[in-house]
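work-v2.csv (CSV, C-alpha atoms and all ligand atoms)
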chain,number,residue,atom,x,y,z
A,1,MET,CA,11.7,46.3,-70.2
A,2,LYS,CA,12.5,42.8,-69.3
A,3,ARG,CA,13.0,42.3,-65.6
A,4,SER,CA,16.4,41.3,-64.5
A,5,TYR,CA,17.3,38.3,-62.4
A,6,LEU,CA,20.8,39.6,-61.8
A,7,PRO,CA,20.0,41.1,-58.4
A,8,VAL,CA,18.4,37.8,-57.4
A,9,ALA,CA,21.6,36.0,-58.3
A,10,LEU,CA,23.7,38.6,-56.4
A,11,LEU,CA,21.5,38.2,-53.3
A,12,LEU,CA,21.8,34.5,-53.4
A,13,ALA,CA,25.5,34.9,-53.6
A,14,VAL,CA,25.4,37.2,-50.6
A,15,LEU,CA,23.4,34.6,-48.7
A,16,MET,CA,25.9,31.9,-49.6
A,17,LEU,CA,28.7,34.2,-48.2
A,18,ASN,CA,26.6,34.8,-45.1
A,19,ILE,CA,26.4,31.0,-44.5
A,20,ILE,CA,30.2,30.5,-45.1
A,21,VAL,CA,31.2,33.5,-42.9
A,22,THR,CA,28.9,32.4,-40.1
A,23,GLN,CA,30.3,28.9,-40.0
A,24,TYR,CA,33.8,30.3,-40.2
A,25,MET,CA,33.1,32.7,-37.3
A,26,VAL,CA,31.7,30.0,-35.0
A,27,HIS,CA,34.6,27.6,-35.7
A,28,GLN,CA,37.2,30.3,-35.2
A,29,TYR,CA,35.5,31.1,-31.9
A,30,PHE,CA,35.9,27.6,-30.7
A,31,TYR,CA,39.5,27.5,-32.0
A,32,GLN,CA,40.0,30.5,-29.8
A,33,ASN,CA,41.1,32.7,-32.7
A,34,TYR,CA,39.1,35.7,-31.4
A,35,VAL,CA,40.4,38.2,-33.9
A,36,ASN,CA,39.2,36.1,-36.8
A,37,THR,CA,35.9,35.7,-35.1
A,38,ILE,CA,35.5,39.4,-34.9
A,39,VAL,CA,36.6,39.9,-38.5
A,40,ALA,CA,34.0,37.4,-39.7
A,41,GLY,CA,31.3,39.0,-37.5
A,42,VAL,CA,32.0,42.4,-39.0
A,43,MET,CA,31.9,40.8,-42.4
A,44,ASN,CA,28.5,39.4,-41.7
A,45,VAL,CA,27.2,42.7,-40.5
A,46,VAL,CA,28.5,44.5,-43.6
A,47,LEU,CA,26.8,42.0,-45.9
A,48,PHE,CA,23.4,43.1,-44.7
A,49,PRO,CA,23.6,46.7,-46.1
A,50,LEU,CA,25.2,45.3,-49.2
A,51,ALA,CA,22.2,43.0,-49.6
A,52,PHE,CA,19.9,45.9,-49.0
A,53,ILE,CA,21.6,48.1,-51.7
A,54,ILE,CA,21.3,45.2,-54.2
A,55,TYR,CA,17.7,44.9,-53.4
A,56,LYS,CA,17.0,48.7,-53.8
A,57,LYS,CA,18.8,48.8,-57.1
A,58,GLY,CA,17.2,45.7,-58.4
A,59,VAL,CA,13.6,46.3,-57.3
A,60,ASN,CA,13.1,49.3,-59.5
A,61,VAL,CA,13.9,47.4,-62.6
A,62,ASN,CA,10.4,46.8,-63.8
A,63,ASP,CA,8.7,44.1,-61.8
B,1,MET,CA,-40.2,39.8,-31.7
B,2,THR,CA,-39.4,36.2,-32.8
B,3,ASP,CA,-38.7,37.0,-36.4
B,4,LYS,CA,-36.3,39.8,-35.5
B,5,ASN,CA,-33.7,37.4,-34.3
B,6,ASN,CA,-34.3,34.8,-37.0
B,7,LYS,CA,-33.5,36.9,-40.0
B,8,ILE,CA,-30.5,36.3,-42.2
B,9,PRO,CA,-29.4,39.8,-43.2
B,10,PHE,CA,-28.2,39.0,-46.6
B,11,ASN,CA,-27.1,36.1,-48.8
B,12,GLU,CA,-24.6,34.0,-47.0
B,13,ASP,CA,-22.3,33.9,-49.9
B,14,ASN,CA,-21.6,37.6,-49.2
B,15,TYR,CA,-19.9,37.2,-45.9
B,16,THR,CA,-16.4,37.1,-47.3
B,17,HIS,CA,-17.1,39.4,-50.2
B,18,ASN,CA,-14.4,41.9,-49.2
B,19,ILE,CA,-11.6,39.4,-48.5
B,20,ASN,CA,-9.6,38.7,-51.5
B,21,ARG,CA,-6.8,36.2,-51.0
B,22,ASN,CA,-6.1,35.3,-54.6
B,23,ASN,CA,-2.4,35.0,-55.2
B,24,GLU,CA,-1.8,35.8,-51.6
B,25,ARG,CA,1.0,33.2,-51.3
B,26,LYS,CA,2.5,33.9,-54.6
B,27,LEU,CA,6.2,34.6,-54.3
B,28,ASP,CA,7.3,37.0,-56.9
B,29,ARG,CA,10.7,38.2,-57.7
B,30,ARG,CA,10.4,41.2,-55.4
B,31,GLY,CA,9.1,39.2,-52.5
B,32,PHE,CA,11.9,36.7,-52.9
B,33,MET,CA,14.5,39.4,-52.8
B,34,LYS,CA,12.9,40.8,-49.7
B,35,THR,CA,13.2,37.4,-48.1
B,36,LEU,CA,16.9,37.2,-49.0
B,37,VAL,CA,17.6,40.7,-47.6
B,38,GLY,CA,15.7,39.7,-44.4
B,39,ALA,CA,17.9,36.5,-44.2
B,40,ALA,CA,21.0,38.7,-44.5
B,41,GLY,CA,19.7,40.8,-41.7
B,42,VAL,CA,19.1,37.8,-39.5
B,43,PHE,CA,22.7,36.7,-40.1
B,44,ALA,CA,24.0,40.1,-39.3
B,45,VAL,CA,22.1,40.4,-36.0
B,46,SER,CA,23.0,36.8,-35.0
B,47,SER,CA,26.7,37.4,-35.4
B,48,LEU,CA,26.7,40.3,-33.0
B,49,PRO,CA,26.8,38.2,-29.8
B,50,TRP,CA,29.7,36.1,-31.2
B,51,GLY,CA,31.6,39.3,-31.8
B,52,ALA,CA,30.8,40.5,-28.3
B,53,VAL,CA,32.0,37.3,-26.6
B,54,ALA,CA,35.1,37.2,-28.8
B,55,ALA,CA,35.9,40.8,-27.8
B,56,LYS,CA,35.4,39.9,-24.2
B,57,GLU,CA,37.8,37.1,-24.4
B,58,LEU,CA,40.3,39.3,-26.1
B,59,ILE,CA,40.2,42.0,-23.4
B,60,GLY,CA,40.7,39.2,-20.9
B,61,LEU,CA,37.5,39.5,-19.0
B,62,GLY,CA,37.1,35.7,-19.3
B,63,ASP,CA,40.0,34.9,-16.9
B,64,LYS,CA,38.7,34.8,-13.4
B,65,LYS,CA,40.9,36.2,-10.7
B,66,TYR,CA,41.3,34.6,-7.4
B,67,PRO,CA,43.2,36.0,-4.5
B,68,LYS,CA,46.5,34.1,-4.1
B,69,GLN,CA,46.5,31.7,-1.3
B,70,LYS,CA,49.4,30.2,0.7
B,71,ILE,CA,49.5,26.4,0.4
B,72,THR,CA,52.5,25.4,2.5
B,73,ASP,CA,56.0,26.3,3.4
B,74,VAL,CA,58.8,25.0,1.1
B,75,THR,CA,60.5,23.4,4.1
B,76,ALA,CA,57.3,21.4,5.0
B,77,ILE,CA,57.2,19.5,1.7
B,78,PRO,CA,60.1,17.3,0.7
B,79,VAL,CA,60.8,16.6,-3.0
B,80,GLY,CA,58.5,13.9,-4.2
B,81,ASP,CA,55.8,14.6,-1.7
B,82,ALA,CA,52.3,16.0,-2.0
B,83,VAL,CA,50.0,18.1,0.2
B,84,ASP,CA,46.3,18.6,-0.1
B,85,PHE,CA,44.8,22.0,0.0
B,86,HIS,CA,41.7,23.9,-1.0
B,87,PHE,CA,41.6,26.3,-3.9
B,88,PRO,CA,39.9,28.5,-5.1
B,89,GLY,CA,36.9,27.8,-2.8
B,90,GLU,CA,37.0,26.0,0.5
B,91,HIS,CA,35.2,23.0,-1.1
B,92,ASP,CA,37.5,22.7,-4.1
B,93,SER,CA,40.0,20.3,-2.8
B,94,ALA,CA,43.3,20.3,-4.6
B,95,ILE,CA,46.7,18.6,-4.5
B,96,LEU,CA,50.2,20.1,-4.7
B,97,ILE,CA,53.1,17.9,-5.7
B,98,ARG,CA,56.8,18.8,-5.4
B,99,LEU,CA,58.4,17.2,-8.4
B,100,SER,CA,61.9,18.5,-7.9
B,101,GLU,CA,63.8,21.2,-6.1
B,102,ASN,CA,62.0,24.0,-7.9
B,103,LYS,CA,59.2,22.3,-9.7
B,104,TYR,CA,55.8,22.3,-8.2
B,105,VAL,CA,52.5,21.2,-9.9
B,106,ALA,CA,49.0,21.5,-8.5
B,107,TYR,CA,45.7,20.2,-9.7
B,108,GLN,CA,42.2,20.2,-8.5
B,109,ASN,CA,42.1,16.6,-7.3
B,110,ALA,CA,38.5,15.7,-8.0
B,111,CYS,CA,38.8,13.0,-10.6
B,112,THR,CA,37.3,14.0,-13.9
B,113,HIS,CA,35.4,10.7,-14.1
B,114,LEU,CA,33.1,10.8,-11.1
B,115,ARG,CA,34.9,13.2,-8.8
B,116,CYS,CA,36.6,10.9,-6.4
B,117,PRO,CA,39.7,12.4,-4.8
B,118,VAL,CA,42.9,11.6,-6.7
B,119,PHE,CA,46.0,10.5,-4.8
B,120,TRP,CA,49.7,10.9,-5.5
B,121,GLN,CA,51.5,7.6,-5.9
B,122,LYS,CA,55.1,8.5,-5.1
B,123,GLU,CA,56.6,5.2,-6.1
B,124,GLU,CA,54.8,5.0,-9.5
B,125,GLY,CA,55.0,8.7,-10.2
B,126,ASP,CA,51.3,8.7,-11.0
B,127,LEU,CA,48.2,10.4,-9.8
B,128,LEU,CA,45.8,7.6,-9.1
B,129,CYS,CA,42.0,7.7,-8.6
B,130,PRO,CA,41.2,4.7,-6.4
B,131,CYS,CA,37.5,4.5,-7.4
B,132,HIS,CA,37.9,3.0,-10.9
B,133,HIS,CA,41.6,3.1,-11.2
B,134,GLY,CA,41.9,6.2,-13.3
B,135,LYS,CA,45.4,7.5,-13.7
B,136,PHE,CA,46.7,11.0,-14.6
B,137,ASP,CA,50.0,12.2,-15.8
B,138,VAL,CA,51.6,14.2,-13.0
B,139,GLU,CA,53.3,16.7,-15.3
B,140,THR,CA,50.3,17.8,-17.3
B,141,GLY,CA,47.2,16.4,-15.5
B,142,ALA,CA,46.2,14.5,-18.7
B,143,PRO,CA,44.4,11.2,-18.2
B,144,THR,CA,46.6,8.2,-19.0
B,145,ALA,CA,44.5,5.2,-17.9
B,146,GLY,CA,41.1,4.2,-16.8
B,147,PRO,CA,37.7,5.9,-17.3
B,148,PRO,CA,38.7,9.6,-17.1
B,149,ARG,CA,38.8,11.4,-20.4
B,150,ARG,CA,39.5,15.0,-19.4
B,151,PRO,CA,42.6,16.4,-17.7
B,152,LEU,CA,42.6,17.5,-14.1
B,153,PRO,CA,42.2,21.3,-13.9
B,154,GLU,CA,45.6,22.7,-13.3
B,155,ILE,CA,46.3,25.3,-10.6
B,156,TYR,CA,49.1,27.8,-11.1
B,157,VAL,CA,51.5,28.0,-8.3
B,158,LYS,CA,54.2,30.4,-7.4
B,159,VAL,CA,57.0,30.2,-4.9
B,160,GLU,CA,57.6,33.3,-2.8
B,161,ASN,CA,59.7,33.9,0.3
B,162,GLY,CA,60.0,30.2,1.1
B,163,ALA,CA,56.3,29.5,0.7
B,164,VAL,CA,54.2,28.0,-2.1
B,165,TYR,CA,51.2,30.0,-3.3
B,166,ALA,CA,48.2,29.1,-5.5
B,167,VAL,CA,47.6,32.0,-7.8
B,168,GLY,CA,45.1,30.9,-10.4
B,169,VAL,CA,43.2,28.1,-12.2
B,170,LYS,CA,44.0,27.2,-15.7
B,171,ARG,CA,41.1,27.7,-18.0
B,172,TYR,CA,39.5,24.6,-19.3
B,173,GLU,CA,40.3,23.9,-22.9
B,174,ALA,CA,38.4,21.2,-24.8
A,201,LIG,S1,36.0,8.4,-10.3
A,201,LIG,FE1,38.1,8.4,-10.8
A,201,LIG,S2,38.2,6.8,-12.1
A,201,LIG,FE2,36.1,6.8,-11.7

Using structure tokens, write down the structure that the file contains.
Amino acid sequence: MKRSYLPVALLLAVLMLNIIVTQYMVHQYFYQNYVNTIVAGVMNVVLFPLAFIIYKKGVNVND
Amino acid sequence: MTDKNNKIPFNEDNYTHNINRNNERKLDRRGFMKTLVGAAGVFAVSSLPWGAVAAKELIGLGDKKYPKQKITDVTAIPVGDAVDFHFPGEHDSAILIRLSENKYVAYQNACTHLRCPVFWQKEEGDLLCPCHHGKFDVETGAPTAGPPRRPLPEIYVKVENGAVYAVGVKRYEA
């Protein structure tokens, strides 16, 4: 079976989202929109298990 | 005796025979994905403190509370005059100005340039710092002339039973 690079692409997308959300979070904090800060923080935390799931699914595809 | 210490046990080429570092630094697909997941983890962990401080601000723990403090009696300060006082600590000098019958403003009077005391110019209607001629708007504390770039910290005042009280310090906003 040919190995798939789809999970790699997905993980890269997750990382990009991480960067965007983190910057948004920091800016919203300094703009004193604390609810948005928390939403972005939760988003960042949720992205980690998502990345882990993508990894788990992707790694078994014949390396 | 001498030749006991002088012996080479085996061929020198063999010292590293069981260390195999071929391809050690090769980054394959799996390793790359692991790195990405790790990065996501770092992002997740590093956003926790931001969430925590944001939550703290939301609950209002960020506002410091000071006991309210009497500044002066209303009868002792005519409209247009100012009195000096100290708030919140005894070394934080401050100034109260009565702008009209019912309007009072108060600021910490250390100039935001180099902390000289700021004076009330009744005739010009300005707060003036004599050191380098910095001026502040009396309504808001915003700098209007000279070197200062930041506003004077405002003190909240309240009038109660014929006396003026200082009740809090406005939080600094950049
Ligand atoms: S200290 Fe007030 S203007 Fe310089």

Each residue of chain B lying at most 10 Å from ligand LIG 201 (chain A) should get a row with its shortest atom-to-atom pair and the distance in Å to one decimal, counting only C-alpha atoms and all ligand atoms; could you produce that, ordered by chain and increasing number, as CSV?
residue,atom,partner,partner_atom,distance
B:Asn109,CA,A:LIG201,FE1,9.8
B:Ala110,CA,A:LIG201,FE1,7.8
B:Cys111,CA,A:LIG201,FE1,4.7
B:Thr112,CA,A:LIG201,FE1,6.5
B:His113,CA,A:LIG201,S1,4.5
B:Leu114,CA,A:LIG201,S1,3.8
B:Arg115,CA,A:LIG201,S1,5.1
B:Cys116,CA,A:LIG201,S1,4.7
B:Pro117,CA,A:LIG201,FE1,7.4
B:Val118,CA,A:LIG201,FE1,7.1
B:Leu128,CA,A:LIG201,FE1,7.9
B:Cys129,CA,A:LIG201,FE1,4.5
B:Pro130,CA,A:LIG201,FE1,6.5
B:Cys131,CA,A:LIG201,FE2,5.1
B:His132,CA,A:LIG201,S2,4.0
B:His133,CA,A:LIG201,S2,5.1
B:Gly134,CA,A:LIG201,S2,3.9
B:Lys135,CA,A:LIG201,S2,7.4
B:Phe136,CA,A:LIG201,FE1,9.8
B:Pro143,CA,A:LIG201,S2,9.7
B:Ala145,CA,A:LIG201,S2,8.7
B:Gly146,CA,A:LIG201,S2,6.1
B:Pro147,CA,A:LIG201,S2,5.3
B:Pro148,CA,A:LIG201,S2,5.8
B:Arg149,CA,A:LIG201,S2,9.5

- Task: Up to 9 Å from chain A, what residues of chain B turn up? Count only C-alpha atoms and give them as a list in words.
- Result: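 Interface list for chain B against chain A: Asp28, Arg29, Arg30, Phe32, Met33, Lys34, Leu36, Val37, Gly38, Ala39, Ala40, Gly41, Val42, Phe43, Ala44, Val45, Ser46, Ser47, Leu48, Pro49, Trp50, Gly51, Ala52, Val53, Ala54, Ala55, Glu57 and Leu58 of chain B.
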
- Query: Can you tell me how far CA of Trp120 in chain B sits from CA of Glu160 in chain B, in Å to one decimal?
  - Reply: 23.9 Å

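CA of Val79 in chain B to CA of Arg98 in chain B spans 5.2 Å [interatomic distance, one decimal].
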
Set the distance at 9 Å and use only C-alpha atoms: which residues neighbour Leu99 in chain B once local chain neighbours fewer than 2 positions away are removed? I'd like the list as a PDB file with C-alpha atoms, in the coordinates of the input.
ATOM      1  CA  VAL B  79      60.800  16.600  -3.000  1.00  0.00           C
ATOM      2  CA  GLY B  80      58.500  13.900  -4.200  1.00  0.00           C
ATOM      3  CA  ASP B  81      55.800  14.600  -1.700  1.00  0.00           C
ATOM      4  CA  ALA B  82      52.300  16.000  -2.000  1.00  0.00           C
ATOM      5  CA  ILE B  97      53.100  17.900  -5.700  1.00  0.00           C
ATOM      6  CA  GLU B 101      63.800  21.200  -6.100  1.00  0.00           C
ATOM      7  CA  ASN B 102      62.000  24.000  -7.900  1.00  0.00           C
ATOM      8  CA  LYS B 103      59.200  22.300  -9.700  1.00  0.00           C
ATOM      9  CA  TYR B 104      55.800  22.300  -8.200  1.00  0.00           C
ATOM     10  CA  VAL B 105      52.500  21.200  -9.900  1.00  0.00           C
ATOM     11  CA  VAL B 138      51.600  14.200 -13.000  1.00  0.00           C
ATOM     12  CA  GLU B 139      53.300  16.700 -15.300  1.00  0.00           C
TER      13      GLU B 139
END

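Across the model, the gap from CA of Gln108 in chain B to CA of Val159 in chain B is 18.2 Å.
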
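Residue nearest Asp92 in chain B, chosen from B:Pro151, B:Tyr107, B:Ala142, B:Lys26 and counting all atoms listed in the file: B:Tyr107.
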
Can you take the partial range 4-27 of chain A, add N, CA, C and O atoms, and return it as a PDB file, keeping the file's coordinate frame?
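Contents of the output file rebuild.pdb:
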ATOM      1  N   SER A   4      15.110  41.924 -64.574  1.00  0.00           N
ATOM      2  CA  SER A   4      16.400  41.300 -64.500  1.00  0.00           C
ATOM      3  C   SER A   4      16.513  40.402 -63.274  1.00  0.00           C
ATOM      4  O   SER A   4      16.025  40.706 -62.194  1.00  0.00           O
ATOM      5  N   TYR A   5      17.127  39.279 -63.495  1.00  0.00           N
ATOM      6  CA  TYR A   5      17.300  38.300 -62.400  1.00  0.00           C
ATOM      7  C   TYR A   5      18.730  38.435 -61.817  1.00  0.00           C
ATOM      8  O   TYR A   5      19.093  37.658 -60.942  1.00  0.00           O
ATOM      9  N   LEU A   6      19.491  39.417 -62.320  1.00  0.00           N
ATOM     10  CA  LEU A   6      20.800  39.600 -61.800  1.00  0.00           C
ATOM     11  C   LEU A   6      20.864  39.878 -60.307  1.00  0.00           C
ATOM     12  O   LEU A   6      21.612  39.261 -59.551  1.00  0.00           O
ATOM     13  N   PRO A   7      20.013  40.849 -59.854  1.00  0.00           N
ATOM     14  CA  PRO A   7      20.000  41.100 -58.400  1.00  0.00           C
ATOM     15  C   PRO A   7      19.652  39.880 -57.577  1.00  0.00           C
ATOM     16  O   PRO A   7      20.216  39.671 -56.506  1.00  0.00           O
ATOM     17  N   VAL A   8      18.757  39.067 -58.098  1.00  0.00           N
ATOM     18  CA  VAL A   8      18.400  37.800 -57.400  1.00  0.00           C
ATOM     19  C   VAL A   8      19.624  36.958 -57.232  1.00  0.00           C
ATOM     20  O   VAL A   8      19.928  36.449 -56.139  1.00  0.00           O
ATOM     21  N   ALA A   9      20.361  36.807 -58.314  1.00  0.00           N
ATOM     22  CA  ALA A   9      21.600  36.000 -58.300  1.00  0.00           C
ATOM     23  C   ALA A   9      22.572  36.563 -57.282  1.00  0.00           C
ATOM     24  O   ALA A   9      23.180  35.846 -56.484  1.00  0.00           O
ATOM     25  N   LEU A  10      22.714  37.908 -57.317  1.00  0.00           N
ATOM     26  CA  LEU A  10      23.700  38.600 -56.400  1.00  0.00           C
ATOM     27  C   LEU A  10      23.246  38.321 -54.943  1.00  0.00           C
ATOM     28  O   LEU A  10      24.072  38.015 -54.084  1.00  0.00           O
ATOM     29  N   LEU A  11      21.939  38.444 -54.688  1.00  0.00           N
ATOM     30  CA  LEU A  11      21.500  38.200 -53.300  1.00  0.00           C
ATOM     31  C   LEU A  11      21.696  36.801 -52.869  1.00  0.00           C
ATOM     32  O   LEU A  11      22.052  36.552 -51.719  1.00  0.00           O
ATOM     33  N   LEU A  12      21.504  35.883 -53.779  1.00  0.00           N
ATOM     34  CA  LEU A  12      21.800  34.500 -53.400  1.00  0.00           C
ATOM     35  C   LEU A  12      23.251  34.299 -53.108  1.00  0.00           C
ATOM     36  O   LEU A  12      23.598  33.569 -52.176  1.00  0.00           O
ATOM     37  N   ALA A  13      24.093  34.992 -53.872  1.00  0.00           N
ATOM     38  CA  ALA A  13      25.500  34.900 -53.600  1.00  0.00           C
ATOM     39  C   ALA A  13      25.826  35.471 -52.204  1.00  0.00           C
ATOM     40  O   ALA A  13      26.611  34.905 -51.431  1.00  0.00           O
ATOM     41  N   VAL A  14      25.166  36.596 -51.878  1.00  0.00           N
ATOM     42  CA  VAL A  14      25.400  37.200 -50.600  1.00  0.00           C
ATOM     43  C   VAL A  14      24.952  36.214 -49.461  1.00  0.00           C
ATOM     44  O   VAL A  14      25.645  36.034 -48.459  1.00  0.00           O
ATOM     45  N   LEU A  15      23.835  35.555 -49.675  1.00  0.00           N
ATOM     46  CA  LEU A  15      23.400  34.600 -48.700  1.00  0.00           C
ATOM     47  C   LEU A  15      24.343  33.447 -48.507  1.00  0.00           C
ATOM     48  O   LEU A  15      24.638  33.023 -47.391  1.00  0.00           O
ATOM     49  N   MET A  16      24.883  33.002 -49.616  1.00  0.00           N
ATOM     50  CA  MET A  16      25.900  31.900 -49.600  1.00  0.00           C
ATOM     51  C   MET A  16      27.087  32.399 -48.732  1.00  0.00           C
ATOM     52  O   MET A  16      27.573  31.688 -47.840  1.00  0.00           O
ATOM     53  N   LEU A  17      27.540  33.628 -49.003  1.00  0.00           N
ATOM     54  CA  LEU A  17      28.700  34.200 -48.200  1.00  0.00           C
ATOM     55  C   LEU A  17      28.313  34.262 -46.762  1.00  0.00           C
ATOM     56  O   LEU A  17      29.135  33.936 -45.894  1.00  0.00           O
ATOM     57  N   ASN A  18      27.074  34.691 -46.472  1.00  0.00           N
ATOM     58  CA  ASN A  18      26.600  34.800 -45.100  1.00  0.00           C
ATOM     59  C   ASN A  18      26.813  33.421 -44.391  1.00  0.00           C
ATOM     60  O   ASN A  18      27.328  33.351 -43.277  1.00  0.00           O
ATOM     61  N   ILE A  19      26.370  32.380 -45.066  1.00  0.00           N
ATOM     62  CA  ILE A  19      26.400  31.000 -44.500  1.00  0.00           C
ATOM     63  C   ILE A  19      27.908  30.668 -44.208  1.00  0.00           C
ATOM     64  O   ILE A  19      28.287  30.223 -43.119  1.00  0.00           O
ATOM     65  N   ILE A  20      28.745  30.897 -45.225  1.00  0.00           N
ATOM     66  CA  ILE A  20      30.200  30.500 -45.100  1.00  0.00           C
ATOM     67  C   ILE A  20      30.807  31.292 -43.957  1.00  0.00           C
ATOM     68  O   ILE A  20      31.478  30.731 -43.085  1.00  0.00           O
ATOM     69  N   VAL A  21      30.582  32.609 -43.947  1.00  0.00           N
ATOM     70  CA  VAL A  21      31.200  33.500 -42.900  1.00  0.00           C
ATOM     71  C   VAL A  21      30.740  33.082 -41.541  1.00  0.00           C
ATOM     72  O   VAL A  21      31.527  33.037 -40.595  1.00  0.00           O
ATOM     73  N   THR A  22      29.453  32.788 -41.433  1.00  0.00           N
ATOM     74  CA  THR A  22      28.900  32.400 -40.100  1.00  0.00           C
ATOM     75  C   THR A  22      29.579  31.159 -39.591  1.00  0.00           C
ATOM     76  O   THR A  22      30.008  31.092 -38.438  1.00  0.00           O
ATOM     77  N   GLN A  23      29.687  30.175 -40.442  1.00  0.00           N
ATOM     78  CA  GLN A  23      30.300  28.900 -40.000  1.00  0.00           C
ATOM     79  C   GLN A  23      31.758  29.161 -39.615  1.00  0.00           C
ATOM     80  O   GLN A  23      32.251  28.676 -38.595  1.00  0.00           O
ATOM     81  N   TYR A  24      32.438  29.943 -40.451  1.00  0.00           N
ATOM     82  CA  TYR A  24      33.800  30.300 -40.200  1.00  0.00           C
ATOM     83  C   TYR A  24      33.961  30.952 -38.814  1.00  0.00           C
ATOM     84  O   TYR A  24      34.800  30.606 -37.991  1.00  0.00           O
ATOM     85  N   MET A  25      33.047  31.904 -38.574  1.00  0.00           N
ATOM     86  CA  MET A  25      33.100  32.700 -37.300  1.00  0.00           C
ATOM     87  C   MET A  25      32.926  31.738 -36.122  1.00  0.00           C
ATOM     88  O   MET A  25      33.712  31.801 -35.168  1.00  0.00           O
ATOM     89  N   VAL A  26      31.947  30.867 -36.173  1.00  0.00           N
ATOM     90  CA  VAL A  26      31.700  30.000 -35.000  1.00  0.00           C
ATOM     91  C   VAL A  26      32.898  29.057 -34.804  1.00  0.00           C
ATOM     92  O   VAL A  26      33.366  28.881 -33.676  1.00  0.00           O
ATOM     93  N   HIS A  27      33.443  28.537 -35.897  1.00  0.00           N
ATOM     94  CA  HIS A  27      34.600  27.600 -35.700  1.00  0.00           C
ATOM     95  C   HIS A  27      35.789  28.356 -35.176  1.00  0.00           C
ATOM     96  O   HIS A  27      36.464  27.855 -34.282  1.00  0.00           O
TER      97      HIS A  27
END
